[in-house]
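S.K.: The following file, run.cif, comprises mmCIF, C-alpha atoms and all ligand atoms:
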data_query
loop_
_atom_site.label_atom_id
_atom_site.label_comp_id
_atom_site.auth_asym_id
_atom_site.auth_seq_id
_atom_site.Cartn_x
_atom_site.Cartn_y
_atom_site.Cartn_z
CA MET A 1 -13.86 7.59 0.66
CA GLY A 2 -11.34 8.65 -2.00
CA THR A 3 -12.55 12.28 -1.94
CA ARG A 4 -9.39 13.54 -3.63
CA PHE A 5 -10.39 11.59 -6.71
CA LEU A 6 -13.98 12.72 -7.05
CA PRO A 7 -16.00 12.49 -9.19
CA PHE A 8 -14.80 9.11 -10.51
CA SER A 9 -14.22 7.69 -7.00
CA LYS A 10 -17.93 8.14 -6.35
CA GLU A 11 -18.46 4.78 -8.11
CA ILE A 12 -14.97 3.28 -8.66
CA PRO A 13 -12.76 2.31 -5.70
CA LYS A 14 -9.54 4.32 -5.69
CA GLU A 15 -7.57 1.05 -5.40
CA MET A 16 -8.89 0.19 -8.86
CA VAL A 17 -7.42 3.28 -10.54
CA PRO A 18 -5.47 1.95 -13.52
CA LEU A 19 -1.86 2.86 -14.07
CA MET A 20 -0.41 1.58 -17.36
CA GLY A 21 -3.36 -0.82 -17.65
CA LYS A 22 -3.20 -2.31 -14.15
CA PRO A 23 -5.11 -1.16 -11.06
CA LEU A 24 -3.12 0.11 -8.09
CA VAL A 25 -4.13 -2.90 -5.99
CA HIS A 26 -2.50 -5.15 -8.58
CA TYR A 27 0.84 -3.36 -8.03
CA ALA A 28 0.47 -3.83 -4.27
CA VAL A 29 -0.10 -7.57 -4.66
CA GLU A 30 2.76 -7.87 -7.15
CA GLU A 31 5.07 -6.26 -4.60
CA GLY A 32 3.96 -8.81 -2.02
CA VAL A 33 4.40 -11.72 -4.44
CA ALA A 34 7.88 -10.48 -5.41
CA SER A 35 8.68 -10.57 -1.68
CA GLY A 36 7.49 -14.17 -1.24
CA ILE A 37 3.98 -13.48 0.09
CA ASN A 38 1.13 -15.67 -1.18
CA SER A 39 -1.81 -14.82 1.10
CA PHE A 40 -3.56 -11.46 0.89
CA ILE A 41 -6.35 -9.99 2.99
CA TYR A 42 -8.38 -7.04 1.73
CA VAL A 43 -10.57 -4.99 4.01
CA ILE A 44 -13.30 -3.67 1.79
CA SER A 45 -16.61 -1.88 2.19
CA ARG A 46 -19.80 -1.36 0.24
CA GLY A 47 -18.99 -0.38 -3.34
CA LYS A 48 -15.59 -2.11 -3.39
CA GLU A 49 -16.85 -5.45 -4.72
CA SER A 50 -14.83 -4.92 -7.92
CA LEU A 51 -11.67 -5.67 -5.93
CA GLU A 52 -13.07 -9.06 -5.04
CA ASN A 53 -14.00 -9.77 -8.64
CA TYR A 54 -10.62 -8.63 -9.95
CA PHE A 55 -8.81 -11.48 -8.20
CA CYS A 56 -11.23 -14.18 -9.37
CA PRO A 57 -11.49 -15.60 -12.89
CA ASN A 58 -14.14 -14.08 -15.13
CA LEU A 59 -15.27 -17.25 -16.90
CA GLU A 60 -17.28 -15.51 -19.58
CA LEU A 61 -14.34 -13.32 -20.53
CA GLU A 62 -11.94 -16.29 -20.45
CA TYR A 63 -14.14 -18.27 -22.80
CA PHE A 64 -14.43 -15.28 -25.12
CA LEU A 65 -10.65 -14.76 -25.19
CA GLN A 66 -9.95 -18.48 -25.69
CA GLU A 67 -12.25 -18.57 -28.70
CA ARG A 68 -10.29 -15.71 -30.22
CA ARG A 69 -6.89 -16.97 -29.09
CA LYS A 70 -6.30 -13.82 -27.08
CA GLU A 71 -5.70 -15.31 -23.62
CA HIS A 72 -2.44 -13.35 -23.38
CA LEU A 73 -4.53 -10.22 -22.76
CA ILE A 74 -5.28 -11.31 -19.20
CA ALA A 75 -2.18 -13.46 -18.58
CA GLU A 76 -0.89 -11.00 -15.99
CA VAL A 77 -3.99 -11.14 -13.84
CA GLU A 78 -4.30 -14.92 -14.24
CA LYS A 79 -1.11 -15.37 -12.23
CA LEU A 80 -2.89 -13.78 -9.28
CA TYR A 81 -5.67 -16.40 -9.19
CA GLN A 82 -3.23 -18.94 -7.69
CA LEU A 83 -2.76 -16.85 -4.53
CA ASN A 84 -4.92 -16.94 -1.41
CA HIS A 85 -7.22 -13.91 -1.31
CA TYR A 86 -9.39 -13.19 1.71
CA PHE A 87 -11.94 -10.40 1.71
CA ILE A 88 -13.26 -8.86 4.89
CA ARG A 89 -16.13 -6.46 4.72
CA GLN A 90 -15.93 -3.65 7.26
CA PRO A 91 -19.36 -2.71 8.56
CA ARG A 92 -18.40 0.94 9.20
CA PRO A 93 -15.52 3.24 8.17
CA LEU A 94 -14.07 3.70 11.65
CA GLY A 95 -10.46 4.27 10.58
CA PHE A 96 -7.34 2.56 9.31
CA GLY A 97 -6.66 0.97 12.72
CA TYR A 98 -10.18 -0.40 12.84
CA ALA A 99 -9.78 -1.94 9.37
CA VAL A 100 -6.55 -3.64 10.49
CA SER A 101 -8.22 -4.93 13.67
CA LEU A 102 -10.76 -6.81 11.54
CA THR A 103 -8.01 -8.99 10.04
CA GLU A 104 -7.18 -10.66 13.36
CA ALA A 105 -9.70 -13.44 12.73
CA VAL A 106 -7.76 -14.47 9.61
CA ILE A 107 -4.21 -13.68 10.76
CA GLY A 108 -4.32 -15.07 14.29
CA ASN A 109 -1.09 -15.03 16.24
CA GLU A 110 1.33 -14.37 13.37
CA PRO A 111 3.37 -11.39 12.24
CA PHE A 112 1.92 -9.82 9.10
CA GLY A 113 2.50 -7.03 6.63
CA ILE A 114 0.44 -4.11 5.38
CA ILE A 115 0.76 -2.55 1.93
CA LEU A 116 -1.30 0.56 1.17
CA PRO A 117 -1.95 0.58 -2.60
CA ASP A 118 -2.05 4.43 -2.65
CA ASP A 119 1.64 4.49 -1.84
CA LEU A 120 3.16 3.17 -5.03
CA ILE A 121 6.91 2.62 -4.79
CA ILE A 122 9.18 1.95 -7.74
CA ALA A 123 12.34 0.26 -6.47
CA SER A 124 15.01 -2.06 -7.81
CA GLU A 125 14.33 -4.40 -4.86
CA PRO A 126 10.63 -4.45 -3.82
CA VAL A 127 10.27 -2.38 -0.65
CA PHE A 128 8.41 -5.14 1.14
CA GLN A 129 11.31 -7.50 0.38
CA GLN A 130 13.77 -4.90 1.73
CA MET A 131 11.71 -4.76 4.92
CA LEU A 132 11.50 -8.54 5.26
CA SER A 133 15.32 -8.69 5.19
CA VAL A 134 15.44 -6.22 8.09
CA TYR A 135 12.64 -8.08 9.91
CA ASN A 136 14.47 -11.39 9.58
CA ARG A 137 17.40 -9.82 11.38
CA TYR A 138 15.60 -7.96 14.19
CA HIS A 139 12.29 -9.87 14.55
CA CYS A 140 10.30 -6.84 15.60
CA SER A 141 7.70 -4.53 14.09
CA LEU A 142 9.03 -2.36 11.29
CA ILE A 143 7.55 0.61 9.44
CA ALA A 144 8.68 2.23 6.17
CA PHE A 145 9.72 5.89 6.33
CA MET A 146 10.84 8.71 4.10
CA LYS A 147 11.78 12.30 4.83
CA VAL A 148 9.17 14.82 3.67
CA PRO A 149 9.15 18.65 3.62
CA PHE A 150 8.10 20.05 7.03
CA ALA A 151 5.19 21.79 5.31
CA ASP A 152 3.71 18.34 4.52
CA VAL A 153 4.05 16.61 7.92
CA SER A 154 0.35 17.02 8.72
CA ARG A 155 -0.48 14.45 6.02
CA TYR A 156 1.49 11.61 7.65
CA GLY A 157 2.35 9.67 10.77
CA ILE A 158 5.61 11.32 11.92
CA ALA A 159 8.30 9.73 14.11
CA SER A 160 11.69 10.32 15.64
CA GLY A 161 14.04 8.06 17.55
CA GLU A 162 17.49 6.62 18.00
CA MET A 163 19.43 5.79 14.83
CA LEU A 164 20.64 2.17 14.78
CA ALA A 165 22.14 2.30 11.28
CA GLU A 166 22.16 4.77 8.40
CA ASN A 167 18.66 3.69 7.28
CA LEU A 168 17.20 2.28 10.51
CA PHE A 169 16.01 3.81 13.78
CA ARG A 170 14.19 2.71 16.88
CA ILE A 171 11.03 4.76 17.10
CA GLU A 172 10.74 6.75 20.32
CA LYS A 173 8.13 9.35 19.41
CA LEU A 174 5.29 8.84 17.00
CA ILE A 175 2.35 11.09 16.22
CA GLU A 176 -0.38 10.90 13.59
CA LYS A 177 -0.73 13.92 11.32
CA PRO A 178 0.90 16.55 13.56
CA SER A 179 1.03 20.25 12.71
CA PRO A 180 4.57 21.35 11.66
CA ASP A 181 5.24 22.85 15.11
CA GLN A 182 4.19 19.61 16.91
CA ALA A 183 6.18 17.30 14.62
CA PRO A 184 9.21 15.63 16.28
CA SER A 185 10.95 15.37 12.86
CA ASN A 186 10.14 15.15 9.17
CA TYR A 187 10.32 11.33 9.09
CA ALA A 188 7.00 10.25 7.57
CA ILE A 189 5.33 6.83 7.59
CA ILE A 190 4.82 5.46 4.09
CA GLY A 191 2.28 2.67 3.59
CA ARG A 192 4.35 -0.42 4.35
CA TYR A 193 4.33 -2.10 7.76
CA ILE A 194 5.41 -5.39 9.26
CA LEU A 195 3.70 -5.85 12.62
CA THR A 196 3.75 -8.44 15.35
CA PRO A 197 0.33 -9.82 16.42
CA ALA A 198 0.62 -7.88 19.71
CA ILE A 199 -0.78 -4.94 17.69
CA PHE A 200 -4.25 -6.47 17.89
CA GLU A 201 -4.43 -6.05 21.67
CA CYS A 202 -3.16 -2.47 21.24
CA LEU A 203 -5.86 -1.80 18.66
CA ARG A 204 -8.48 -2.95 21.15
CA GLN A 205 -7.11 -0.42 23.66
CA ALA A 206 -6.65 2.49 21.22
CA LYS A 207 -9.10 5.35 21.62
CA PRO A 208 -10.43 7.26 18.63
CA GLY A 209 -7.72 9.76 17.61
CA ALA A 210 -7.20 12.18 14.69
CA GLY A 211 -10.47 12.61 12.77
CA GLY A 212 -12.43 10.59 15.38
CA GLU A 213 -11.06 7.37 13.84
CA ILE A 214 -9.18 4.45 15.37
CA GLN A 215 -5.69 5.17 14.11
CA LEU A 216 -3.13 2.44 13.53
CA THR A 217 -0.46 4.97 14.56
CA ASP A 218 -2.04 5.32 18.02
CA ALA A 219 -2.07 1.54 18.48
CA ILE A 220 1.61 1.44 17.40
CA CYS A 221 2.36 4.00 20.16
CA LEU A 222 0.90 1.50 22.66
CA LEU A 223 2.89 -1.33 21.04
CA MET A 224 6.11 0.68 21.48
CA LYS A 225 5.62 0.52 25.26
CA LYS A 226 5.78 -3.30 25.10
CA GLU A 227 8.13 -4.06 22.20
CA PRO A 228 10.69 -2.25 20.05
CA VAL A 229 9.28 -0.81 16.83
CA LEU A 230 11.75 0.13 14.11
CA GLY A 231 11.60 2.71 11.33
CA TYR A 232 13.24 1.88 8.02
CA PHE A 233 14.23 4.38 5.33
CA PHE A 234 13.58 2.36 2.19
CA GLU A 235 15.29 2.61 -1.17
CA GLY A 236 12.95 3.54 -3.98
CA GLN A 237 10.80 6.31 -5.40
CA ARG A 238 7.39 6.72 -3.78
CA PHE A 239 4.35 8.24 -5.44
CA ASP A 240 1.28 9.33 -3.51
CA CYS A 241 -1.31 7.87 -5.88
CA GLY A 242 -4.04 8.99 -3.47
CA THR A 243 -3.73 12.48 -4.97
CA VAL A 244 -4.19 13.53 -8.59
CA GLU A 245 -0.77 15.20 -8.59
CA GLY A 246 1.01 12.12 -7.25
CA TYR A 247 -0.88 9.87 -9.63
CA ASN A 248 0.13 12.04 -12.60
CA HIS A 249 3.74 11.94 -11.43
CA ALA A 250 3.65 8.13 -11.26
CA PHE A 251 2.04 7.90 -14.68
CA LEU A 252 4.64 10.15 -16.34
CA THR A 253 7.50 8.36 -14.60
CA MET A 254 6.24 4.99 -15.81
CA ILE A 255 5.74 6.26 -19.37
CA LEU A 256 9.33 7.46 -19.38
CA GLN A 257 10.58 4.09 -18.11
CA TYR A 258 9.42 2.18 -21.19
CA GLU A 259 11.48 2.94 -24.26
CA ASP A 260 8.53 2.66 -26.70
CA TYR A 261 6.26 4.94 -24.71
CA ARG A 262 9.14 7.29 -23.99
CA GLN A 263 9.82 7.89 -27.68
CA LYS A 264 6.12 8.44 -28.40
CA ALA A 265 5.78 10.81 -25.45
CA LYS A 266 8.74 12.81 -26.75
CA GLN A 267 7.15 13.06 -30.18
CA ILE A 268 3.88 14.29 -28.68
CA LEU A 269 5.67 16.86 -26.52
CA ALA A 270 7.75 18.08 -29.47
CA LYS A 271 4.51 18.87 -31.32
CA THR A 272 2.93 20.84 -28.46
C1 LIG H 1 -2.06 6.58 6.62
C2 LIG H 1 -1.42 6.54 8.00
C3 LIG H 1 -0.30 7.59 8.09
C4 LIG H 1 0.70 7.35 6.96
C5 LIG H 1 -0.01 7.35 5.59
C6 LIG H 1 0.96 6.95 4.49
O1 LIG H 1 -2.72 7.82 6.47
O2 LIG H 1 -2.41 6.78 8.98
O3 LIG H 1 0.35 7.46 9.32
O4 LIG H 1 1.71 8.35 6.99
O5 LIG H 1 -1.09 6.41 5.59
O6 LIG H 1 0.37 7.06 3.24
P1 LIG H 1 -3.82 8.11 5.31
O7 LIG H 1 -3.03 8.42 4.07
O8 LIG H 1 -4.63 6.88 5.19
O9 LIG H 1 -4.59 9.31 5.79
#
Please lay out the structure from this file as structure tokens.
M.R.:
Amino acid sequence: MGTRFLPFSKEIPKEMVPLMGKPLVHYAVEEGVASGINSFIYVISRGKESLENYFCPNLELEYFLQERRKEHLIAEVEKLYQLNHYFIRQPRPLGFGYAVSLTEAVIGNEPFGIILPDDLIIASEPVFQQMLSVYNRYHCSLIAFMKVPFADVSRYGIASGEMLAENLFRIEKLIEKPSPDQAPSNYAIIGRYILTPAIFECLRQAKPGAGGEIQLTDAICLLMKKEPVLGYFFEGQRFDCGTVEGYNHAFLTMILQYEDYRQKAKQILAKT
């Protein structure tokens, strides 16, 4: 429901929050494209129709821009029209796991990835690409992790397990949003997953967990009983764009990355 971003999220989906002129969902798709993905499935609900529209041409606008020779203004989004976009409308908000379960009809018996647009990651190699390299070696489910302060563990799925390499571990314990004293470690799930299709059966078996919702984390715990599930410490800087603080951090970081904006920002700060 995007409650951390009220009041604007009352009418605008949080995935459509713009960062340097592009909505967060655009960054998520770009990361997928940069990793070789060309089919995207969005689980949406009432009020999120703007996501659907964003990935389709707006003919009126295109005509207008052509007339004025300003097509370059939407060149970036035009690239996205060539991809396959599938939209699934969830009838009720029954949790992240429930939303994932609805994609089975499109995905079928294939491994697939999940990118949560709230978790924006700036990295020299796209995180999803990093994960695909690991997946291509181990051929099992893989989840992105980072270490967080113990005080914050109750905001994440938290895991511990056996280290296989410096940045890779086999998950042995996994718990959704534990209190600091229940947490097996401070290794937190960040919104990137590669899952085998066996997860769908586990989602069918999962009982409502934290917050009365069907949690993906709980289904992954069932999956771990059948197949290995790996945790991967990615390289990159992650911003929690689901909170105002994290969003501001991402915005400032991006401003400082572009030389032009950086100079202007410095001038503004010097005057304040
Ligand atoms: C979801 C997952 C959680 C994960 C988090 C990462 O939680 O359930 O395990 O750590 O994404 O952002 P949400 O942020 O949707 O509450």
S.K.: Which one of A:Ala183, A:Ala250, A:Leu256, A:Ala144 sits closest to ligand LIG 1 (chain H) if you count all atoms listed in the file?
M.R.: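 Looking at the shortest contact to ligand LIG 1 (chain H), the residue is A:Ala144.
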S.K.: 6 Å from ligand LIG 1 (chain H) is the threshold here; counting only C-alpha atoms and all ligand atoms, which polymer residues fall inside it? Answer as a PyMOL selection string.
M.R.: chain A and resi 119+156-157+176+188-191+217
S.K.: When you count all atoms listed in the file, which of these residues is closest to Leu6 of chain A: A:Val244, A:Val29, A:Met146, A:Leu252?
M.R.: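 Checking each candidate against Leu6 of chain A, we get A:Val244 as the closest.
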S.K.: Residues within 7 Å of Tyr86 of chain A, please, as an mmCIF file with C-alpha atoms, in the coordinates of the input. Count all atoms listed in the file; anything in the same chain fewer than 6 positions from it doesn't count.
M.R.:
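Writing done, so here's selection.cif:
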data_model
loop_
_atom_site.group_PDB
_atom_site.id
_atom_site.type_symbol
_atom_site.label_atom_id
_atom_site.label_comp_id
_atom_site.auth_asym_id
_atom_site.auth_seq_id
_atom_site.Cartn_x
_atom_site.Cartn_y
_atom_site.Cartn_z
ATOM 1 C CA PHE A 40 -3.560 -11.460 0.890
ATOM 2 C CA ILE A 41 -6.350 -9.990 2.990
ATOM 3 C CA TYR A 42 -8.380 -7.040 1.730
#
S.K.: So what do you get for atom CA of Ser35 of chain A versus atom CA of Leu83 of chain A, distance-wise?
M.R.: 13.4 Å
S.K.: Quick one: residues within 7 Å of (-5.2, 5.1, 9.1) (file frame), counting all atoms listed in the file, please, as a compact mmCIF listing (two decimals) with C-alpha atoms, in the coordinates of the input.
M.R.:
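Dumped to point34.txt:
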# COMPACT_ATOMS: atom_id res chain seq x y z
CA GLY A 95 -10.46 4.27 10.58
CA PHE A 96 -7.34 2.56 9.31
CA GLY A 97 -6.66 0.97 12.72
CA GLN A 215 -5.69 5.17 14.11
CA LEU A 216 -3.13 2.44 13.53
S.K.: So which one's closest to Leu80 of chain A, A:Phe128, A:Phe64, A:Tyr27, A:Tyr187? Using all atoms listed in the file, please.
M.R.: A:Tyr27
S.K.: Select from segment 94-127 of chain A every residue with an atom at most 10 Å from any atom of segment 7-19 of chain A, then for each give the shortest pair of atoms and their distance in Å to one decimal, using all atoms listed in the file, rows by chain and rising number, as a tab-separated table.
M.R.:
residue	atom	partner	partner_atom	distance
A:Leu116	CA	A:Glu15	CA	9.1
A:Pro117	CA	A:Glu15	CA	6.3
A:Asp118	CA	A:Glu15	CA	7.0
S.K.: Pro126 of chain A: which residues within 9 Å, counting only C-alpha atoms, same-chain residues fewer than 6 positions away excluded, as a PyMOL selection string?
M.R.: chain A and resi 31-32+34-35+235-236
S.K.: Could you tell me which of A:Lys226, A:Lys79, A:Arg192, A:Arg262 comes closest to Leu142 of chain A if we count all atoms listed in the file?
M.R.: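 Among A:Lys226, A:Lys79, A:Arg192, A:Arg262, it is A:Arg192 that comes nearest to Leu142 of chain A.
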S.K.: Output segment 6-37 of chain A with N, CA and C atoms present, as a CSV table (one decimal), keeping the file's coordinate frame.
M.R.:
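Here's the written file result_11.csv:
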chain,number,residue,atom,x,y,z
A,6,LEU,N,-12.6,12.5,-6.5
A,6,LEU,CA,-14.0,12.7,-7.0
A,6,LEU,C,-13.9,13.5,-8.4
A,7,PRO,N,-14.8,13.3,-9.3
A,7,PRO,CA,-16.0,12.5,-9.2
A,7,PRO,C,-15.9,11.0,-9.5
A,8,PHE,N,-14.8,10.5,-10.1
A,8,PHE,CA,-14.8,9.1,-10.5
A,8,PHE,C,-14.9,8.2,-9.3
A,9,SER,N,-14.3,8.6,-8.2
A,9,SER,CA,-14.2,7.7,-7.0
A,9,SER,C,-15.6,7.5,-6.3
A,10,LYS,N,-16.6,8.3,-6.8
A,10,LYS,CA,-17.9,8.1,-6.4
A,10,LYS,C,-18.4,6.7,-6.6
A,11,GLU,N,-18.0,6.1,-7.7
A,11,GLU,CA,-18.5,4.8,-8.1
A,11,GLU,C,-17.3,3.8,-8.3
A,12,ILE,N,-16.1,4.2,-8.4
A,12,ILE,CA,-15.0,3.3,-8.7
A,12,ILE,C,-14.0,3.4,-7.5
A,13,PRO,N,-13.7,2.2,-6.8
A,13,PRO,CA,-12.8,2.3,-5.7
A,13,PRO,C,-11.4,2.9,-6.1
A,14,LYS,N,-10.8,3.7,-5.3
A,14,LYS,CA,-9.5,4.3,-5.7
A,14,LYS,C,-8.4,3.3,-5.9
A,15,GLU,N,-8.6,2.1,-5.2
A,15,GLU,CA,-7.6,1.0,-5.4
A,15,GLU,C,-7.6,0.5,-6.8
A,16,MET,N,-8.7,0.7,-7.5
A,16,MET,CA,-8.9,0.2,-8.9
A,16,MET,C,-8.5,1.2,-9.9
A,17,VAL,N,-7.9,2.3,-9.5
A,17,VAL,CA,-7.4,3.3,-10.5
A,17,VAL,C,-6.3,2.6,-11.4
A,18,PRO,N,-6.5,2.6,-12.7
A,18,PRO,CA,-5.5,2.0,-13.5
A,18,PRO,C,-4.3,2.8,-13.8
A,19,LEU,N,-3.1,2.2,-13.7
A,19,LEU,CA,-1.9,2.9,-14.1
A,19,LEU,C,-1.2,1.9,-15.1
A,20,MET,N,-1.0,2.4,-16.3
A,20,MET,CA,-0.4,1.6,-17.4
A,20,MET,C,-1.2,0.3,-17.5
A,21,GLY,N,-2.5,0.3,-17.4
A,21,GLY,CA,-3.4,-0.8,-17.6
A,21,GLY,C,-3.6,-1.7,-16.5
A,22,LYS,N,-3.0,-1.4,-15.3
A,22,LYS,CA,-3.2,-2.3,-14.2
A,22,LYS,C,-3.7,-1.5,-13.0
A,23,PRO,N,-4.7,-2.0,-12.2
A,23,PRO,CA,-5.1,-1.2,-11.1
A,23,PRO,C,-4.0,-1.1,-10.0
A,24,LEU,N,-4.1,-0.1,-9.1
A,24,LEU,CA,-3.1,0.1,-8.1
A,24,LEU,C,-3.0,-1.1,-7.2
A,25,VAL,N,-4.2,-1.7,-6.9
A,25,VAL,CA,-4.1,-2.9,-6.0
A,25,VAL,C,-3.3,-4.0,-6.6
A,26,HIS,N,-3.3,-4.1,-7.9
A,26,HIS,CA,-2.5,-5.2,-8.6
A,26,HIS,C,-1.0,-4.9,-8.3
A,27,TYR,N,-0.6,-3.7,-8.3
A,27,TYR,CA,0.8,-3.4,-8.0
A,27,TYR,C,1.2,-3.7,-6.6
A,28,ALA,N,0.2,-3.5,-5.7
A,28,ALA,CA,0.5,-3.8,-4.3
A,28,ALA,C,0.7,-5.3,-4.1
A,29,VAL,N,-0.2,-6.1,-4.8
A,29,VAL,CA,-0.1,-7.6,-4.7
A,29,VAL,C,1.2,-8.1,-5.3
A,30,GLU,N,1.5,-7.5,-6.5
A,30,GLU,CA,2.8,-7.9,-7.2
A,30,GLU,C,4.0,-7.6,-6.2
A,31,GLU,N,3.9,-6.5,-5.5
A,31,GLU,CA,5.1,-6.3,-4.6
A,31,GLU,C,5.1,-7.3,-3.5
A,32,GLY,N,4.0,-7.7,-3.0
A,32,GLY,CA,4.0,-8.8,-2.0
A,32,GLY,C,4.5,-10.1,-2.6
A,33,VAL,N,4.0,-10.5,-3.8
A,33,VAL,CA,4.4,-11.7,-4.4
A,33,VAL,C,5.9,-11.7,-4.7
A,34,ALA,N,6.4,-10.6,-5.1
A,34,ALA,CA,7.9,-10.5,-5.4
A,34,ALA,C,8.7,-10.6,-4.1
A,35,SER,N,8.0,-10.4,-3.0
A,35,SER,CA,8.7,-10.6,-1.7
A,35,SER,C,8.4,-11.9,-1.0
A,36,GLY,N,7.7,-12.8,-1.8
A,36,GLY,CA,7.5,-14.2,-1.2
A,36,GLY,C,6.2,-14.4,-0.5
A,37,ILE,N,5.3,-13.4,-0.6
A,37,ILE,CA,4.0,-13.5,0.1
A,37,ILE,C,3.0,-14.2,-0.8
